[in-house]
$ cat final.cif   # mmCIF, C-alpha atoms and all ligand atoms
data_my_file
#
loop_
_atom_site.group_PDB
_atom_site.id
_atom_site.type_symbol
_atom_site.label_atom_id
_atom_site.label_comp_id
_atom_site.auth_asym_id
_atom_site.auth_seq_id
_atom_site.Cartn_x
_atom_site.Cartn_y
_atom_site.Cartn_z
ATOM 1 C CA MET X 1 -1.594 -224.162 -147.731
ATOM 2 C CA LYS X 2 -1.156 -227.910 -147.432
ATOM 3 C CA CYS X 3 -2.909 -229.919 -144.720
ATOM 4 C CA PRO X 4 -0.566 -229.932 -141.691
ATOM 5 C CA LYS X 5 -1.484 -233.529 -140.962
ATOM 6 C CA CYS X 6 -0.947 -235.361 -144.257
ATOM 7 C CA GLY X 7 0.802 -232.668 -146.271
ATOM 8 C CA LYS X 8 -1.181 -233.750 -149.336
ATOM 9 C CA HIS X 9 -4.423 -231.813 -149.655
ATOM 10 C CA GLU X 10 -4.939 -228.098 -150.031
ATOM 11 C CA VAL X 11 -6.725 -226.452 -147.077
ATOM 12 C CA SER X 12 -7.537 -222.885 -146.048
ATOM 13 C CA THR X 13 -7.768 -223.708 -142.342
ATOM 14 C CA GLY X 14 -7.392 -226.751 -140.074
ATOM 15 C CA VAL X 15 -6.856 -230.231 -141.463
ATOM 16 C CA CYS X 16 -8.202 -231.672 -144.720
ATOM 17 C CA GLY X 17 -11.451 -233.631 -144.968
ATOM 18 C CA VAL X 18 -9.663 -236.967 -145.350
ATOM 19 C CA CYS X 19 -7.692 -236.394 -142.157
ATOM 20 C CA PHE X 20 -10.740 -235.030 -140.320
ATOM 21 C CA ILE X 21 -12.829 -238.082 -141.220
ATOM 22 C CA ALA X 22 -9.986 -240.409 -140.202
ATOM 23 C CA GLU X 23 -9.848 -238.706 -136.815
ATOM 24 C CA HIS X 24 -13.624 -238.395 -136.325
ATOM 25 C CA PRO X 25 -15.164 -241.298 -138.189
ATOM 26 C CA PRO X 26 -18.960 -240.912 -138.564
ATOM 27 C CA LYS X 27 -20.735 -243.540 -136.488
ATOM 28 C CA VAL X 28 -24.159 -245.149 -136.589
ATOM 29 C CA LYS X 29 -25.775 -245.669 -133.188
ATOM 30 C CA PRO X 30 -27.192 -249.175 -132.710
ATOM 31 C CA PHE X 31 -30.854 -249.465 -133.694
ATOM 32 C CA THR X 32 -33.409 -252.224 -134.209
ATOM 33 C CA LEU X 33 -35.955 -252.826 -136.952
ATOM 34 C CA THR X 34 -39.485 -253.718 -135.969
ATOM 35 C CA GLN X 35 -41.221 -256.448 -137.911
ATOM 36 C CA SER X 36 -44.869 -257.455 -137.668
ATOM 37 C CA LYS X 37 -45.986 -261.066 -137.454
ATOM 38 C CA ASP X 38 -47.083 -260.921 -141.099
ATOM 39 C CA GLY X 39 -43.603 -259.826 -142.177
ATOM 40 C CA ARG X 40 -43.912 -256.066 -142.685
ATOM 41 C CA PHE X 41 -41.393 -253.563 -141.330
ATOM 42 C CA GLN X 42 -42.183 -250.446 -139.402
ATOM 43 C CA ILE X 43 -41.174 -247.043 -140.709
ATOM 44 C CA LYS X 44 -42.197 -244.213 -138.413
ATOM 45 C CA GLU X 45 -45.928 -244.769 -137.803
ATOM 46 C CA SER X 46 -46.591 -247.005 -140.811
ATOM 47 C CA TRP X 47 -45.611 -250.404 -142.157
ATOM 48 C CA THR X 48 -43.990 -251.463 -145.415
ATOM 49 C CA LYS X 49 -43.281 -254.782 -147.142
ATOM 50 C CA ASP X 50 -39.547 -254.325 -147.696
ATOM 51 C CA HIS X 51 -36.933 -253.652 -145.101
ATOM 52 C CA GLU X 52 -34.784 -251.318 -147.263
ATOM 53 C CA GLU X 53 -36.727 -248.128 -146.738
ATOM 54 C CA PRO X 54 -36.996 -248.487 -142.926
ATOM 55 C CA LEU X 55 -33.343 -249.556 -142.810
ATOM 56 C CA GLN X 56 -32.157 -246.520 -144.748
ATOM 57 C CA TYR X 57 -34.338 -244.284 -142.598
ATOM 58 C CA GLU X 58 -32.874 -245.716 -139.368
ATOM 59 C CA ILE X 59 -29.268 -245.514 -140.581
ATOM 60 C CA ARG X 60 -29.754 -241.871 -141.546
ATOM 61 C CA LYS X 61 -31.482 -241.118 -138.236
ATOM 62 C CA ASN X 62 -28.761 -242.755 -136.166
ATOM 63 C CA LEU X 63 -25.783 -241.506 -138.115
ATOM 64 C CA ASN X 64 -23.655 -239.100 -136.126
ATOM 65 C CA ALA X 65 -21.027 -236.952 -137.790
ATOM 66 C CA ALA X 66 -18.737 -234.532 -135.961
ATOM 67 C CA HIS X 67 -19.055 -230.827 -136.782
ATOM 68 C CA PRO X 68 -18.377 -229.483 -139.448
ATOM 69 C CA LEU X 69 -19.149 -232.713 -141.315
ATOM 70 C CA THR X 70 -22.729 -232.853 -142.595
ATOM 71 C CA VAL X 71 -24.583 -235.712 -144.246
ATOM 72 C CA LYS X 72 -25.812 -234.814 -147.739
ATOM 73 C CA LYS X 73 -27.085 -238.163 -148.887
ATOM 74 C CA LEU X 74 -27.165 -241.730 -147.692
ATOM 75 C CA VAL X 75 -27.228 -244.616 -150.149
ATOM 76 C CA LEU X 76 -27.885 -248.127 -148.966
ATOM 77 C CA THR X 77 -25.445 -250.247 -150.968
ATOM 78 C CA SER X 78 -26.360 -253.717 -149.696
ATOM 79 C CA SER X 79 -28.564 -255.379 -147.128
ATOM 80 C CA GLU X 80 -29.399 -258.905 -146.215
ATOM 81 C CA ALA X 81 -32.116 -259.911 -143.789
ATOM 82 C CA ASP X 82 -32.619 -263.217 -142.071
ATOM 83 C CA GLU X 83 -35.103 -263.939 -139.307
ATOM 84 C CA LYS X 84 -33.138 -262.202 -136.599
ATOM 85 C CA ASP X 85 -30.928 -259.508 -138.086
ATOM 86 C CA VAL X 86 -30.285 -257.338 -141.102
ATOM 87 C CA SER X 87 -26.673 -256.786 -142.113
ATOM 88 C CA TRP X 88 -26.089 -253.755 -144.264
ATOM 89 C CA THR X 89 -23.561 -251.498 -145.933
ATOM 90 C CA ALA X 90 -24.147 -247.905 -146.958
ATOM 91 C CA ASN X 91 -22.385 -245.019 -148.549
ATOM 92 C CA ALA X 92 -22.677 -241.637 -146.846
ATOM 93 C CA HIS X 93 -22.075 -238.561 -148.983
ATOM 94 C CA MET X 94 -20.753 -235.934 -146.623
ATOM 95 C CA ASP X 95 -19.815 -232.338 -146.896
ATOM 96 C CA TYR X 96 -16.654 -231.062 -145.243
ATOM 97 C CA LEU X 97 -16.236 -227.295 -145.651
ATOM 98 C CA GLY X 98 -17.625 -227.327 -149.172
ATOM 99 C CA HIS X 99 -15.955 -230.532 -150.342
ATOM 100 C CA GLU X 100 -17.755 -233.816 -150.793
ATOM 101 C CA HIS X 101 -16.396 -236.973 -149.227
ATOM 102 C CA GLN X 102 -17.841 -240.464 -149.325
ATOM 103 C CA VAL X 103 -17.746 -242.631 -146.242
ATOM 104 C CA GLN X 104 -18.465 -246.361 -146.215
ATOM 105 C CA LEU X 105 -20.601 -247.544 -143.329
ATOM 106 C CA SER X 106 -21.737 -250.992 -142.286
ATOM 107 C CA GLY X 107 -23.578 -252.639 -139.457
ATOM 108 C CA MET X 108 -26.027 -255.202 -138.245
ATOM 109 C CA ALA X 109 -29.486 -254.404 -136.886
ATOM 110 C CA PRO X 110 -31.499 -256.867 -134.789
ATOM 111 C CA ILE X 111 -35.108 -257.456 -135.869
ATOM 112 C CA LYS X 112 -37.716 -257.172 -133.150
ATOM 113 C CA GLY X 113 -40.985 -258.982 -133.780
ATOM 114 C CA VAL X 114 -44.304 -257.456 -132.700
ATOM 115 C CA ILE X 115 -47.985 -257.954 -133.256
ATOM 116 C CA THR X 116 -49.466 -254.961 -135.019
ATOM 117 C CA LEU X 117 -52.745 -253.464 -134.017
ATOM 118 C CA GLU X 118 -54.411 -254.717 -137.220
ATOM 119 C CA GLU X 119 -53.146 -258.231 -136.635
ATOM 120 C CA SER X 120 -54.367 -258.119 -133.098
ATOM 121 C CA ARG X 121 -57.770 -256.846 -134.230
ATOM 122 C CA ARG X 122 -57.951 -259.556 -136.865
ATOM 123 C CA ALA X 123 -57.302 -262.080 -134.124
ATOM 124 C CA GLY X 124 -60.220 -260.580 -132.236
ATOM 125 C CA ASN X 125 -58.288 -258.737 -129.564
ATOM 126 C CA ALA X 126 -58.511 -255.004 -129.917
ATOM 127 C CA TYR X 127 -56.755 -254.879 -126.596
ATOM 128 C CA GLN X 128 -55.554 -257.316 -124.002
ATOM 129 C CA ALA X 129 -54.567 -255.036 -121.183
ATOM 130 C CA VAL X 130 -55.279 -251.602 -119.825
ATOM 131 C CA LEU X 131 -52.660 -249.566 -118.014
ATOM 132 C CA GLN X 132 -54.478 -247.116 -115.788
ATOM 133 C CA LEU X 133 -51.846 -244.429 -115.499
ATOM 134 C CA ARG X 134 -52.552 -241.948 -112.774
ATOM 135 C CA GLU X 135 -49.296 -240.140 -113.425
ATOM 136 C CA PRO X 136 -49.681 -238.546 -116.898
ATOM 137 C CA MET X 137 -45.903 -238.182 -117.404
ATOM 138 C CA LEU X 138 -45.585 -241.966 -117.701
ATOM 139 C CA LEU X 139 -47.459 -241.961 -121.014
ATOM 140 C CA ASP X 140 -44.253 -240.963 -122.821
ATOM 141 C CA GLU X 141 -42.581 -244.158 -121.665
ATOM 142 C CA ILE X 142 -44.972 -246.495 -123.445
ATOM 143 C CA GLU X 143 -44.033 -247.781 -126.889
ATOM 144 C CA LYS X 144 -46.643 -246.734 -129.438
ATOM 145 C CA THR X 145 -46.415 -250.034 -131.305
ATOM 146 C CA TYR X 146 -48.303 -251.709 -128.468
ATOM 147 C CA VAL X 147 -50.945 -249.063 -127.967
ATOM 148 C CA SER X 148 -54.419 -249.646 -129.325
ATOM 149 C CA GLN X 149 -56.042 -246.628 -127.770
ATOM 150 C CA VAL X 150 -55.417 -243.914 -125.195
ATOM 151 C CA ARG X 151 -58.279 -242.392 -123.243
ATOM 152 C CA LYS X 152 -57.928 -239.352 -121.051
ATOM 153 C CA VAL X 153 -59.593 -239.897 -117.716
ATOM 154 C CA GLN X 154 -59.629 -237.974 -114.486
ATOM 155 C CA GLY X 155 -56.125 -237.899 -113.030
ATOM 156 C CA GLY X 156 -54.373 -239.505 -115.985
ATOM 157 C CA PHE X 157 -54.823 -241.869 -118.919
ATOM 158 C CA ASP X 158 -56.157 -245.328 -119.620
ATOM 159 C CA VAL X 159 -53.804 -246.914 -122.128
ATOM 160 C CA TYR X 160 -55.216 -249.880 -124.043
ATOM 161 C CA LEU X 161 -52.445 -252.270 -124.992
ATOM 162 C CA ILE X 162 -52.446 -255.148 -127.433
ATOM 163 C CA SER X 163 -50.110 -257.250 -125.313
ATOM 164 C CA LYS X 164 -50.449 -258.466 -121.746
ATOM 165 C CA SER X 165 -46.779 -259.266 -121.470
ATOM 166 C CA TYR X 166 -45.864 -255.754 -122.584
ATOM 167 C CA ALA X 167 -48.294 -254.349 -119.997
ATOM 168 C CA ARG X 168 -46.564 -256.387 -117.292
ATOM 169 C CA GLN X 169 -43.163 -255.242 -118.534
ATOM 170 C CA CYS X 170 -44.295 -251.596 -118.235
ATOM 171 C CA ALA X 171 -45.712 -252.249 -114.777
ATOM 172 C CA SER X 172 -42.452 -253.747 -113.596
ATOM 173 C CA ASN X 173 -40.498 -250.747 -114.970
ATOM 174 C CA PHE X 174 -42.823 -248.355 -113.155
ATOM 175 C CA LYS X 175 -42.544 -250.396 -109.972
ATOM 176 C CA ASN X 176 -38.760 -250.123 -110.151
ATOM 177 C CA LYS X 177 -39.209 -246.376 -110.299
ATOM 178 C CA GLY X 178 -41.180 -246.447 -107.074
ATOM 179 C CA TYR X 179 -44.761 -246.393 -108.346
ATOM 180 C CA ILE X 180 -47.445 -248.599 -106.895
ATOM 181 C CA THR X 181 -48.968 -251.055 -109.360
ATOM 182 C CA VAL X 182 -52.156 -253.005 -108.713
ATOM 183 C CA GLU X 183 -53.106 -255.834 -111.032
ATOM 184 C CA SER X 184 -56.559 -257.258 -111.671
ATOM 185 C CA THR X 185 -58.299 -259.181 -114.448
ATOM 186 C CA SER X 186 -61.768 -258.887 -115.865
ATOM 187 C CA HIS X 187 -63.831 -261.228 -117.954
ATOM 188 C CA GLY X 188 -64.717 -259.495 -121.177
ATOM 189 C CA GLY X 189 -67.249 -262.066 -122.313
ATOM 190 C CA VAL X 190 -66.927 -264.888 -124.811
ATOM 191 C CA LYS X 191 -65.623 -264.449 -128.361
ATOM 192 C CA GLU X 192 -65.681 -267.335 -130.864
ATOM 193 C CA GLY X 193 -65.937 -269.844 -128.072
ATOM 194 C CA HIS X 194 -63.007 -268.406 -126.112
ATOM 195 C CA GLU X 195 -63.404 -266.519 -122.940
ATOM 196 C CA VAL X 196 -61.723 -263.128 -123.166
ATOM 197 C CA THR X 197 -59.895 -262.012 -120.042
ATOM 198 C CA ARG X 198 -58.332 -258.635 -119.809
ATOM 199 C CA LEU X 199 -55.583 -257.441 -117.583
ATOM 200 C CA TYR X 200 -55.912 -254.165 -115.755
ATOM 201 C CA ILE X 201 -52.907 -252.567 -114.109
ATOM 202 C CA ALA X 202 -53.362 -249.401 -112.106
ATOM 203 C CA VAL X 203 -50.207 -247.326 -111.777
ATOM 204 C CA LYS X 204 -50.235 -244.753 -109.006
ATOM 205 C CA LYS X 205 -47.902 -242.511 -107.167
ATOM 206 C CA PRO X 206 -47.254 -243.725 -103.649
ATOM 207 C CA HIS X 207 -49.010 -241.309 -101.412
ATOM 208 C CA ILE X 208 -46.207 -239.430 -99.712
ATOM 209 C CA GLU X 209 -46.638 -235.969 -98.264
ATOM 210 C CA PRO X 210 -44.511 -233.542 -96.280
ATOM 211 C CA GLY X 211 -44.415 -234.519 -92.622
ATOM 212 C CA ASP X 212 -44.314 -238.244 -93.374
ATOM 213 C CA ILE X 213 -41.527 -240.273 -91.807
ATOM 214 C CA LEU X 214 -39.567 -242.243 -94.382
ATOM 215 C CA ASN X 215 -36.832 -244.797 -94.506
ATOM 216 C CA VAL X 216 -34.288 -243.786 -97.149
ATOM 217 C CA GLU X 217 -31.288 -246.075 -97.575
ATOM 218 C CA GLY X 218 -31.615 -247.383 -94.043
ATOM 219 C CA ARG X 219 -31.951 -244.031 -92.265
ATOM 220 C CA THR X 220 -35.055 -242.399 -90.884
ATOM 221 C CA TYR X 221 -36.071 -238.990 -92.178
ATOM 222 C CA MET X 222 -38.972 -236.621 -92.106
ATOM 223 C CA LEU X 223 -40.034 -235.345 -95.522
ATOM 224 C CA LEU X 224 -39.949 -231.529 -95.478
ATOM 225 C CA SER X 225 -40.903 -230.803 -99.082
ATOM 226 C CA LEU X 226 -41.774 -232.814 -102.154
ATOM 227 C CA GLY X 227 -40.921 -231.830 -105.724
ATOM 228 C CA SER X 228 -38.509 -232.647 -108.522
ATOM 229 C CA THR X 229 -36.038 -232.844 -105.662
ATOM 230 C CA SER X 230 -37.217 -233.443 -102.114
ATOM 231 C CA LYS X 231 -35.923 -232.083 -98.845
ATOM 232 C CA LEU X 232 -35.551 -234.387 -95.875
ATOM 233 C CA VAL X 233 -34.381 -233.986 -92.325
ATOM 234 C CA ASP X 234 -32.686 -236.816 -90.473
ATOM 235 C CA VAL X 235 -34.798 -237.513 -87.353
ATOM 236 C CA ALA X 236 -31.768 -238.510 -85.260
ATOM 237 C CA ASN X 237 -29.151 -235.862 -86.091
ATOM 238 C CA ARG X 238 -31.428 -233.169 -87.624
ATOM 239 C CA ARG X 239 -29.240 -232.810 -90.705
ATOM 240 C CA GLU X 240 -31.009 -231.821 -93.893
ATOM 241 C CA ARG X 241 -30.647 -233.715 -97.118
ATOM 242 C CA VAL X 242 -31.908 -233.358 -100.696
ATOM 243 C CA VAL X 243 -33.035 -236.431 -102.630
ATOM 244 C CA SER X 244 -34.104 -236.842 -106.270
ATOM 245 C CA LYS X 245 -37.716 -237.658 -107.117
ATOM 246 C CA PRO X 246 -37.143 -241.292 -108.217
ATOM 247 C CA ASN X 247 -35.301 -241.989 -104.977
ATOM 248 C CA ILE X 248 -37.987 -240.492 -102.788
ATOM 249 C CA MET X 249 -40.611 -242.589 -104.599
ATOM 250 C CA LYS X 250 -38.715 -245.710 -103.554
ATOM 251 C CA ALA X 251 -38.677 -244.777 -99.864
ATOM 252 C CA ASP X 252 -40.739 -246.752 -97.352
ATOM 253 C CA VAL X 253 -43.220 -244.827 -95.260
ATOM 254 C CA ILE X 254 -42.621 -245.532 -91.557
ATOM 255 C CA ALA X 255 -45.214 -243.156 -90.146
ATOM 256 C CA LYS X 256 -47.698 -240.677 -91.538
ATOM 257 C CA ARG X 257 -47.748 -237.008 -90.629
ATOM 258 C CA ARG X 258 -51.119 -237.432 -88.852
ATOM 259 C CA GLU X 259 -49.592 -239.948 -86.440
ATOM 260 C CA LEU X 260 -47.196 -237.334 -85.060
ATOM 261 C CA GLU X 261 -48.122 -235.379 -81.975
ATOM 262 C CA GLU X 262 -48.090 -231.612 -82.157
ATOM 263 C CA VAL X 263 -46.237 -229.919 -79.278
ATOM 264 C CA THR X 264 -45.289 -226.340 -78.369
ATOM 265 C CA VAL X 265 -41.700 -225.169 -78.016
ATOM 266 C CA ALA X 266 -41.673 -223.612 -74.529
ATOM 267 C CA SER X 267 -38.022 -222.600 -74.544
ATOM 268 C CA LYS X 268 -34.960 -223.036 -76.694
ATOM 269 C CA SER X 269 -31.256 -222.690 -75.904
ATOM 270 C CA PRO X 270 -28.068 -223.903 -77.620
ATOM 271 C CA ARG X 271 -28.109 -226.864 -75.223
ATOM 272 C CA GLY X 272 -31.616 -228.029 -75.896
ATOM 273 C CA VAL X 273 -35.337 -227.480 -76.243
ATOM 274 C CA ASP X 274 -38.220 -227.805 -73.790
ATOM 275 C CA VAL X 275 -41.608 -228.658 -75.228
ATOM 276 C CA LEU X 276 -45.117 -228.917 -73.820
ATOM 277 C CA ASP X 277 -47.471 -231.576 -75.094
ATOM 278 C CA GLY X 278 -51.271 -231.396 -75.292
ATOM 279 C CA LYS X 279 -51.572 -232.389 -71.635
ATOM 280 C CA TYR X 280 -49.142 -229.608 -70.607
ATOM 281 C CA GLN X 281 -46.484 -232.105 -69.737
ATOM 282 C CA SER X 282 -43.010 -230.850 -70.397
ATOM 283 C CA ARG X 283 -40.236 -232.735 -72.050
ATOM 284 C CA HIS X 284 -36.595 -231.849 -72.607
ATOM 285 C CA PHE X 285 -34.580 -232.612 -75.741
ATOM 286 C CA THR X 286 -30.841 -231.990 -75.757
ATOM 287 C CA GLY X 287 -28.971 -230.799 -78.809
ATOM 288 C CA GLU X 288 -29.455 -228.112 -81.422
ATOM 289 C CA TYR X 289 -32.763 -227.717 -83.234
ATOM 290 C CA PRO X 290 -32.171 -225.088 -85.921
ATOM 291 C CA LEU X 291 -35.602 -225.565 -87.510
ATOM 292 C CA LEU X 292 -37.580 -224.874 -84.305
ATOM 293 C CA LYS X 293 -38.649 -221.504 -82.884
ATOM 294 C CA GLU X 294 -39.376 -220.601 -79.291
ATOM 295 C CA GLY X 295 -43.144 -220.285 -78.873
ATOM 296 C CA GLY X 296 -43.718 -222.150 -82.157
ATOM 297 C CA LYS X 297 -44.953 -225.646 -82.884
ATOM 298 C CA ALA X 298 -42.984 -228.845 -83.289
ATOM 299 C CA LEU X 299 -43.887 -232.457 -84.033
ATOM 300 C CA LEU X 300 -43.148 -235.354 -81.764
ATOM 301 C CA LEU X 301 -42.340 -238.739 -83.273
ATOM 302 C CA ARG X 302 -42.362 -241.831 -81.075
ATOM 303 C CA LEU X 303 -40.455 -244.658 -82.661
ATOM 304 C CA ASN X 304 -39.034 -247.818 -81.066
ATOM 305 C CA ASN X 305 -39.356 -246.399 -77.533
ATOM 306 C CA LEU X 306 -37.514 -243.255 -78.509
ATOM 307 C CA ALA X 307 -38.940 -239.777 -79.010
ATOM 308 C CA TYR X 308 -37.730 -237.378 -81.675
ATOM 309 C CA LEU X 309 -38.537 -233.727 -82.009
ATOM 310 C CA LEU X 310 -39.188 -232.563 -85.557
ATOM 311 C CA PRO X 311 -40.021 -229.278 -87.277
ATOM 312 C CA PRO X 312 -43.668 -228.359 -87.887
ATOM 313 C CA ILE X 313 -45.081 -228.796 -91.388
ATOM 314 C CA GLU X 314 -47.472 -226.130 -92.661
HETATM 315 ZN ZN ZN V 401 -4.871 -234.161 -144.484
#
$ encode --input "final.cif" --output "structure tokens" --more "lines below"
Ligand SMILES: [Zn+2]
Amino acid sequence: MKCPKCGKHEVSTGVCGVCFIAEHPPKVKPFTLTQSKDGRFQIKESWTKDHEEPLQYEIRKNLNAAHPLTVKKLVLTSSEADEKDVSWTANAHMDYLGHEHQVQLSGMAPIKGVITLEESRRAGNAYQAVLQLREPMLLDEIEKTYVSQVRKVQGGFDVYLISKSYARQCASNFKNKGYITVESTSHGGVKEGHEVTRLYIAVKKPHIEPGDILNVEGRTYMLLSLGSTSKLVDVANRRERVVSKPNIMKADVIAKRRELEEVTVASKSPRGVDVLDGKYQSRHFTGEYPLLKEGGKALLLRLNNLAYLLPPIE
């Protein structure tokens, strides 16, 4: 039968390849090329003199075609590089249900300049900064181009970086995610008359544990459990809430679990709870306390001249 869309091409099902490509044009996601100070371009983990091979590799990698189109071959037809960008055109040979179609593609890729490890070594700096990651997951977020060495240490990794400014950029990203970063410098001795200083940045998880009192978006909560999502209970209205890990890492700690006083729930009714403190003094709290049990423990938080009754934390 003829294609129902154009009425021109023979098809067994659906629309013809020409119509399909017109409706779902293959697209190349934006990408950048990485160039070293001595002019070479990065392709995967190595470096090459010309930009064509890395360019073709990136175009192919970032080319998206809608099913059932598949890319058979990609031919770079032209490319021109100046200091900042490479403009290019390419011809994609695609298969659509057994028929070949050619699609013209074009684009412009910014060139990002970096100092390679060899260049840095030649300049006498095997590394300029050390990120002391005490959260192993963060290793995946560091660009390999800047890494001179990774050492596994207790509780995480020491990542040796060839650039101080990149180390600071990482630290500021981690800080935005709620991690604590501590910066220091060390004097690494004198090399060819220059004093070598190195930057150390420790990246740690803020120490938050269940039972801690936190400020999240202006409200006060007790942390009930910590994980990929965390459970909180509002100290004022006792409502529970679930918060994602990045958000909990950003919370401010108002009080630590150990600062709360442990009390015993003497009696509980729908109207309120009576508790006994360590000196056997009784105290009444009105309202519902679904997380407390008669005869069980509870925690007392004193904050701004007010007292709040909170569930016990095992
Ligand atoms: Zn058609």
$ resolve_selection --input "final.cif" --expression "the PyMOL selection byres (((chain X and resi 56) around 12) and not hetatm)" --output "ChimeraX atom specification"
/X:28,31,33,43,50-55,57-63,73-79,86-92,105-107,109
$ closest_residue --input "final.cif" --among "X:Val233, X:Leu310, X:Ala167, X:Val242" --to "Val275 in chain X" --atoms "only C-alpha atoms"
X:Leu310
$ closest_atom_pairs --input "final.cif" --of "chain X" --to "ligand ZN 401 (chain V)" --cutoff "7 Å" --atoms "only C-alpha atoms and all ligand atoms" --output "tab-separated table"
residue	atom	partner	partner_atom	distance
X:Cys3	CA	V:ZN401	ZN	4.7
X:Pro4	CA	V:ZN401	ZN	6.6
X:Lys5	CA	V:ZN401	ZN	4.9
X:Cys6	CA	V:ZN401	ZN	4.1
X:Gly7	CA	V:ZN401	ZN	6.1
X:Lys8	CA	V:ZN401	ZN	6.1
X:His9	CA	V:ZN401	ZN	5.7
X:Val15	CA	V:ZN401	ZN	5.3
X:Cys16	CA	V:ZN401	ZN	4.2
X:Gly17	CA	V:ZN401	ZN	6.6
X:Val18	CA	V:ZN401	ZN	5.6
X:Cys19	CA	V:ZN401	ZN	4.3
$ atom_distance --input "final.cif" --atom1 "CA of Lys29 in chain X" --atom2 "CA of Ser46 in chain X"
22.2 Å
$ atom_distance --input "final.cif" --atom1 "CA of Thr70 in chain X" --atom2 "CA of Phe41 in chain X"
27.9 Å
$ closest_residue --input "final.cif" --among "X:Thr145, X:Leu199, X:Lys152, X:Thr264" --to "Ala171 in chain X" --atoms "only C-alpha atoms"
X:Leu199
$ closest_residue --input "final.cif" --among "X:Pro110, X:Pro25, X:Pro136, X:Pro311" --to "Leu292 in chain X" --atoms "all atoms listed in the file"
X:Pro311
$ closest_residue --input "final.cif" --among "X:Leu138, X:Ser269, X:Lys37, X:Arg257" --to "Arg302 in chain X" --atoms "only C-alpha atoms"
X:Arg257
$ residues_near_point --input "final.cif" --point "(-48.5, -235.6, -78.4)" --cutoff "8 Å" --atoms "only C-alpha atoms" --output "list in words"
Leu260, Glu261, Glu262, Val263, Asp277, Gly278, Leu299 and Leu300 of chain X
$ residues_near_point --input "final.cif" --point "(-54.6, -241.2, -117.8)" --cutoff "9 Å" --atoms "all atoms listed in the file" --output "count of residues only"
17
$ atom_distance --input "final.cif" --atom1 "CA of Lys144 in chain X" --atom2 "CA of Tyr179 in chain X"
21.2 Å
$ resolve_selection --input "final.cif" --expression "the PyMOL selection byres (((chain X and resi 96) around 8) and not hetatm)" --output "JSON, numbers by chain"
{"X": [17, 68, 69, 70, 94, 95, 97, 98, 99, 100, 101]}
$ decode --input "final.cif" --residues "range 131-145 of chain X" --atoms "N, CA and C atoms" --output "short mmCIF file (atom, residue, chain, number, x, y, z; two decimals), in the first residue's frame"
data_model
loop_
_atom_site.label_atom_id
_atom_site.label_comp_id
_atom_site.auth_asym_id
_atom_site.auth_seq_id
_atom_site.Cartn_x
_atom_site.Cartn_y
_atom_site.Cartn_z
N LEU X 131 40.92 16.60 47.37
CA LEU X 131 39.56 16.57 47.92
C LEU X 131 39.49 15.33 48.81
N GLN X 132 39.25 15.55 50.08
CA GLN X 132 39.18 14.42 51.00
C GLN X 132 37.71 14.05 51.16
N LEU X 133 37.27 13.17 50.28
CA LEU X 133 35.85 12.81 50.26
C LEU X 133 35.56 11.76 51.31
N ARG X 134 34.69 12.09 52.23
CA ARG X 134 34.33 11.10 53.23
C ARG X 134 32.90 10.61 52.99
N GLU X 135 32.50 10.74 51.74
CA GLU X 135 31.22 10.21 51.27
C GLU X 135 31.54 9.63 49.90
N PRO X 136 31.83 8.29 49.85
CA PRO X 136 32.35 7.67 48.62
C PRO X 136 31.52 7.94 47.36
N MET X 137 30.20 8.07 47.52
CA MET X 137 29.32 8.31 46.38
C MET X 137 29.73 9.53 45.56
N LEU X 138 30.34 10.52 46.23
CA LEU X 138 30.65 11.78 45.56
C LEU X 138 31.74 11.62 44.51
N LEU X 139 32.48 10.53 44.56
CA LEU X 139 33.56 10.30 43.61
C LEU X 139 33.07 10.36 42.16
N ASP X 140 31.86 9.84 41.93
CA ASP X 140 31.29 9.82 40.58
C ASP X 140 31.05 11.22 40.02
N GLU X 141 31.01 12.21 40.90
CA GLU X 141 30.68 13.56 40.42
C GLU X 141 31.91 14.37 40.04
N ILE X 142 33.08 13.75 40.12
CA ILE X 142 34.29 14.50 39.80
C ILE X 142 34.76 14.16 38.39
N GLU X 143 35.03 15.20 37.61
CA GLU X 143 35.45 14.99 36.22
C GLU X 143 36.85 14.41 36.17
N LYS X 144 36.97 13.30 35.44
CA LYS X 144 38.25 12.56 35.40
C LYS X 144 39.40 13.38 34.84
N THR X 145 39.07 14.31 33.93
CA THR X 145 40.12 15.12 33.31
C THR X 145 40.99 15.84 34.34
#
